[in-house]
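So this one's target.pdb, PDB, C-alpha atoms:
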```pdb
ATOM      1  CA  MET A   1     100.943 115.402  25.281
ATOM      2  CA  PHE A   2     102.480 114.030  28.482
ATOM      3  CA  LYS A   3     106.042 115.230  29.001
ATOM      4  CA  ARG A   4     108.466 112.602  30.280
ATOM      5  CA  ILE A   5     110.812 113.408  33.135
ATOM      6  CA  TYR A   6     114.336 112.063  32.900
ATOM      7  CA  HIS A   7     117.239 111.972  35.317
ATOM      8  CA  PRO A   8     119.530 114.966  34.600
ATOM      9  CA  LYS A   9     122.547 112.677  34.144
ATOM     10  CA  ALA A  10     120.703 110.507  31.601
ATOM     11  CA  PHE A  11     121.447 113.003  28.829
ATOM     12  CA  LEU A  12     124.680 112.190  26.969
ATOM     13  CA  ALA A  13     126.844 114.706  25.134
ATOM     14  CA  SER A  14     128.321 112.187  22.705
ATOM     15  CA  LYS A  15     125.149 110.318  21.689
ATOM     16  CA  ARG A  16     121.735 111.093  20.307
ATOM     17  CA  ASN A  17     119.334 111.197  23.246
ATOM     18  CA  ILE A  18     116.203 109.285  22.243
ATOM     19  CA  HIS A  19     113.354 108.281  24.563
ATOM     20  CA  PRO A  20     114.143 104.556  24.997
ATOM     21  CA  GLY A  21     117.764 105.276  25.950
ATOM     22  CA  LEU A  22     116.815 108.136  28.254
ATOM     23  CA  ASP A  23     114.204 105.920  29.938
ATOM     24  CA  ALA A  24     116.724 103.109  30.461
ATOM     25  CA  ARG A  25     119.467 105.427  31.769
ATOM     26  CA  THR A  26     116.993 107.165  34.083
ATOM     27  CA  ARG A  27     115.991 103.825  35.618
ATOM     28  CA  ILE A  28     119.639 102.785  36.009
ATOM     29  CA  LEU A  29     120.751 106.110  37.482
ATOM     30  CA  SER A  30     117.826 106.257  39.897
ATOM     31  CA  LEU A  31     118.850 102.870  41.243
ATOM     32  CA  LEU A  32     122.531 103.844  41.467
ATOM     33  CA  GLU A  33     121.607 106.993  43.426
ATOM     34  CA  LYS A  34     120.422 104.732  46.234
ATOM     35  CA  ASN A  35     123.552 102.538  46.280
ATOM     36  CA  GLY A  36     126.231 101.090  44.026
ATOM     37  CA  THR A  37     125.556  97.616  42.708
ATOM     38  CA  ASN A  38     126.469  95.157  39.948
ATOM     39  CA  VAL A  39     124.964  94.741  36.460
ATOM     40  CA  LYS A  40     122.986  91.619  37.315
ATOM     41  CA  ALA A  41     121.248  93.318  40.250
ATOM     42  CA  ILE A  42     120.555  96.446  38.186
ATOM     43  CA  ALA A  43     119.052  94.347  35.374
ATOM     44  CA  LYS A  44     116.842  92.461  37.823
ATOM     45  CA  GLU A  45     115.652  95.596  39.632
ATOM     46  CA  THR A  46     115.025  97.719  36.511
ATOM     47  CA  LYS A  47     113.624  94.837  34.426
ATOM     48  CA  LEU A  48     116.032  95.685  31.595
ATOM     49  CA  SER A  49     118.133  93.058  29.863
ATOM     50  CA  TYR A  50     121.665  92.424  31.121
ATOM     51  CA  ALA A  51     123.090  93.523  27.747
ATOM     52  CA  SER A  52     121.053  96.744  27.740
ATOM     53  CA  VAL A  53     122.154  97.668  31.263
ATOM     54  CA  LEU A  54     125.793  96.969  30.419
ATOM     55  CA  HIS A  55     125.535  99.011  27.198
ATOM     56  CA  HIS A  56     124.127 102.045  29.028
ATOM     57  CA  LEU A  57     126.631 101.726  31.875
ATOM     58  CA  HIS A  58     129.471 101.800  29.339
ATOM     59  CA  LEU A  59     127.962 104.918  27.710
ATOM     60  CA  LEU A  60     127.667 106.579  31.125
ATOM     61  CA  GLU A  61     131.202 105.491  32.038
ATOM     62  CA  ALA A  62     132.581 107.088  28.846
ATOM     63  CA  GLU A  63     131.126 110.409  30.020
ATOM     64  CA  ASN A  64     132.452 109.952  33.594
ATOM     65  CA  ILE A  65     128.984 109.752  35.119
ATOM     66  CA  VAL A  66     129.490 106.263  36.586
ATOM     67  CA  VAL A  67     132.574 104.308  37.560
ATOM     68  CA  ARG A  68     133.147 100.592  38.081
ATOM     69  CA  LYS A  69     135.043  99.478  41.158
ATOM     70  CA  GLY A  70     136.558  96.270  42.401
ATOM     71  CA  GLY A  71     136.977  93.027  40.521
ATOM     72  CA  LYS A  72     134.428  91.035  38.579
ATOM     73  CA  PRO A  73     131.524  91.361  39.105
ATOM     74  CA  TYR A  74     132.180  95.104  39.071
ATOM     75  CA  GLN A  75     130.328  97.403  41.424
ATOM     76  CA  TRP A  76     128.968 100.439  39.574
ATOM     77  CA  GLU A  77     128.641 103.797  41.342
ATOM     78  CA  LEU A  78     127.895 107.403  40.453
ATOM     79  CA  THR A  79     130.961 109.653  40.254
ATOM     80  CA  GLY A  80     129.335 112.944  41.215
ATOM     81  CA  ALA A  81     130.184 114.424  37.801
ATOM     82  CA  GLY A  82     127.569 115.559  35.325
ATOM     83  CA  GLN A  83     124.416 117.526  35.870
ATOM     84  CA  GLN A  84     123.054 117.533  39.383
ATOM     85  CA  ARG A  85     119.451 117.378  40.475
ATOM     86  CA  LEU A  86     118.139 120.747  41.592
ATOM     87  CA  THR A  87     116.638 120.811  45.060
ATOM     88  CA  ALA A  88     113.867 123.261  45.888
ATOM     89  CA  GLY A  89     116.330 125.508  47.728
ATOM     90  CA  SER A  90     118.887 125.562  44.941
ATOM     91  CA  LEU A  91     116.148 126.166  42.374
ATOM     92  CA  VAL A  92     114.927 129.220  44.315
ATOM     93  CA  SER A  93     118.516 130.492  44.550
ATOM     94  CA  LEU A  94     119.006 130.011  40.814
ATOM     95  CA  MET A  95     115.778 131.859  40.030
ATOM     96  CA  LEU A  96     116.782 134.724  42.353
ATOM     97  CA  LEU A  97     120.141 135.043  40.593
ATOM     98  CA  MET A  98     118.415 135.113  37.201
ATOM     99  CA  VAL A  99     116.041 137.861  38.359
ATOM    100  CA  LEU A 100     118.903 139.925  39.803
ATOM    101  CA  GLU A 101     120.869 139.554  36.557
ATOM    102  CA  ALA A 102     117.826 140.584  34.519
ATOM    103  CA  LEU A 103     117.395 143.682  36.694
ATOM    104  CA  GLY A 104     121.081 144.547  36.208
ATOM    105  CA  VAL A 105     121.872 144.268  39.913
ATOM    106  CA  LEU A 106     124.604 141.670  39.277
TER
END
```
Encoded form using structure tokens:
Amino acid sequence: MFKRIYHPKAFLASKRNIHPGLDARTRILSLLEKNGTNVKAIAKETKLSYASVLHHLHLLEAENIVVRKGGKPYQWELTGAGQQRLTAGSLVSLMLLMVLEALGVL
């Protein structure tokens, strides 16, 4: 079976994480990583309904993953909180630390 890849910040602590929600939040977060924008632009770019985008943005806002700025229409941006994507370098560093811990060096 094909395993889906989701954005690390798409997983919510306070909600059940099911595939449709994870897919929608991954699309929204991937767009917001490029630049902050409003709900209408996000809905158009991700091909999700306006209501769905707003629902997921409110869920992400409740967990301090996104923040809205300015007046209406609000600009939505990532906060920097939550899980971060691992780069190749940080992944190698993490693996090295795990090996050193397993060997009892740390």
Once the PyMOL selection byres ((chain A and resi 64) around 12) has been evaluated on this model, what residues remain selected, and can you format them as JSON, numbers by chain? {"A": [9, 10, 12, 13, 14, 57, 58, 59, 60, 61, 62, 63, 65, 66, 67, 68, 76, 77, 78, 79, 80, 81, 82, 83]}
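Atom pair atom CA of Ala41 of chain A / atom CA of Lys72 of chain A has a distance of 13.5 Å (rounded to one decimal).
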Atom CA of Leu100 of chain A to atom CA of His7 of chain A, distance in Å rounded to a single decimal: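 Taking atom CA of Leu100 of chain A as the start and atom CA of His7 of chain A as the end point, the length is 28.4 Å.
Going from atom CA of Tyr74 of chain A to atom CA of Pro20 of chain A covers 24.8 Å.
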Matched chain/residue IDs from the PyMOL selection byres ((chain A and resi 35-40) around 8), as a list of chain:residue names: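 Checked against the file, the PyMOL selection byres ((chain A and resi 35-40) around 8) matches A:Leu31, A:Leu32, A:Glu33, A:Lys34, A:Ala41, A:Ile42, A:Ala43, A:Lys44, A:Tyr50, A:Val53, A:Leu54, A:Pro73, A:Tyr74, A:Gln75, A:Trp76, A:Glu77, A:Leu78.
When the PyMOL selection byres ((chain A and resi 6) around 10) is evaluated on the file shown here, the picked residues come out as Lys3, Arg4, Ile5, His7, Pro8, Lys9, Ala10, Phe11, His19, Leu22, Asp23, Ala24, Arg25, Thr26, Arg27, Leu29 and Ser30 of chain A.
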Please rebuild segment 53-70 of chain A with N, CA and C atoms and give the result as a compact mmCIF listing (two decimals), in the coordinates of the input.
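What ended up in part05.txt:
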```
# COMPACT_ATOMS: atom_id res chain seq x y z
N VAL A 53 121.59 96.99 30.09
CA VAL A 53 122.15 97.67 31.26
C VAL A 53 123.64 97.89 31.07
N LEU A 54 124.35 96.86 30.63
CA LEU A 54 125.79 96.97 30.42
C LEU A 54 126.11 98.01 29.35
N HIS A 55 125.34 98.03 28.26
CA HIS A 55 125.54 99.01 27.20
C HIS A 55 125.41 100.43 27.75
N HIS A 56 124.35 100.70 28.50
CA HIS A 56 124.13 102.04 29.03
C HIS A 56 125.15 102.41 30.10
N LEU A 57 125.58 101.45 30.89
CA LEU A 57 126.63 101.73 31.88
C LEU A 57 127.93 102.11 31.19
N HIS A 58 128.26 101.45 30.08
CA HIS A 58 129.47 101.80 29.34
C HIS A 58 129.36 103.21 28.73
N LEU A 59 128.17 103.57 28.23
CA LEU A 59 127.96 104.92 27.71
C LEU A 59 128.13 105.95 28.82
N LEU A 60 127.55 105.66 29.99
CA LEU A 60 127.67 106.58 31.12
C LEU A 60 129.10 106.65 31.64
N GLU A 61 129.81 105.53 31.60
CA GLU A 61 131.20 105.49 32.04
C GLU A 61 132.08 106.34 31.11
N ALA A 62 131.81 106.31 29.82
CA ALA A 62 132.58 107.09 28.85
C ALA A 62 132.44 108.59 29.09
N GLU A 63 131.34 108.99 29.71
CA GLU A 63 131.13 110.41 30.02
C GLU A 63 131.40 110.72 31.49
N ASN A 64 132.04 109.79 32.18
CA ASN A 64 132.45 109.95 33.59
C ASN A 64 131.28 110.21 34.54
N ILE A 65 130.15 109.61 34.25
CA ILE A 65 128.98 109.75 35.12
C ILE A 65 128.94 108.60 36.12
N VAL A 66 129.38 107.42 35.69
CA VAL A 66 129.49 106.26 36.59
C VAL A 66 130.91 105.72 36.50
N VAL A 67 131.26 104.94 37.52
CA VAL A 67 132.57 104.31 37.56
C VAL A 67 132.39 102.89 38.09
N ARG A 68 133.20 101.96 37.57
CA ARG A 68 133.15 100.59 38.08
C ARG A 68 134.31 100.40 39.04
N LYS A 69 134.03 99.69 40.12
CA LYS A 69 135.04 99.48 41.16
C LYS A 69 135.16 98.00 41.47
N GLY A 70 136.33 97.64 41.99
CA GLY A 70 136.56 96.27 42.40
C GLY A 70 136.79 95.33 41.24
```
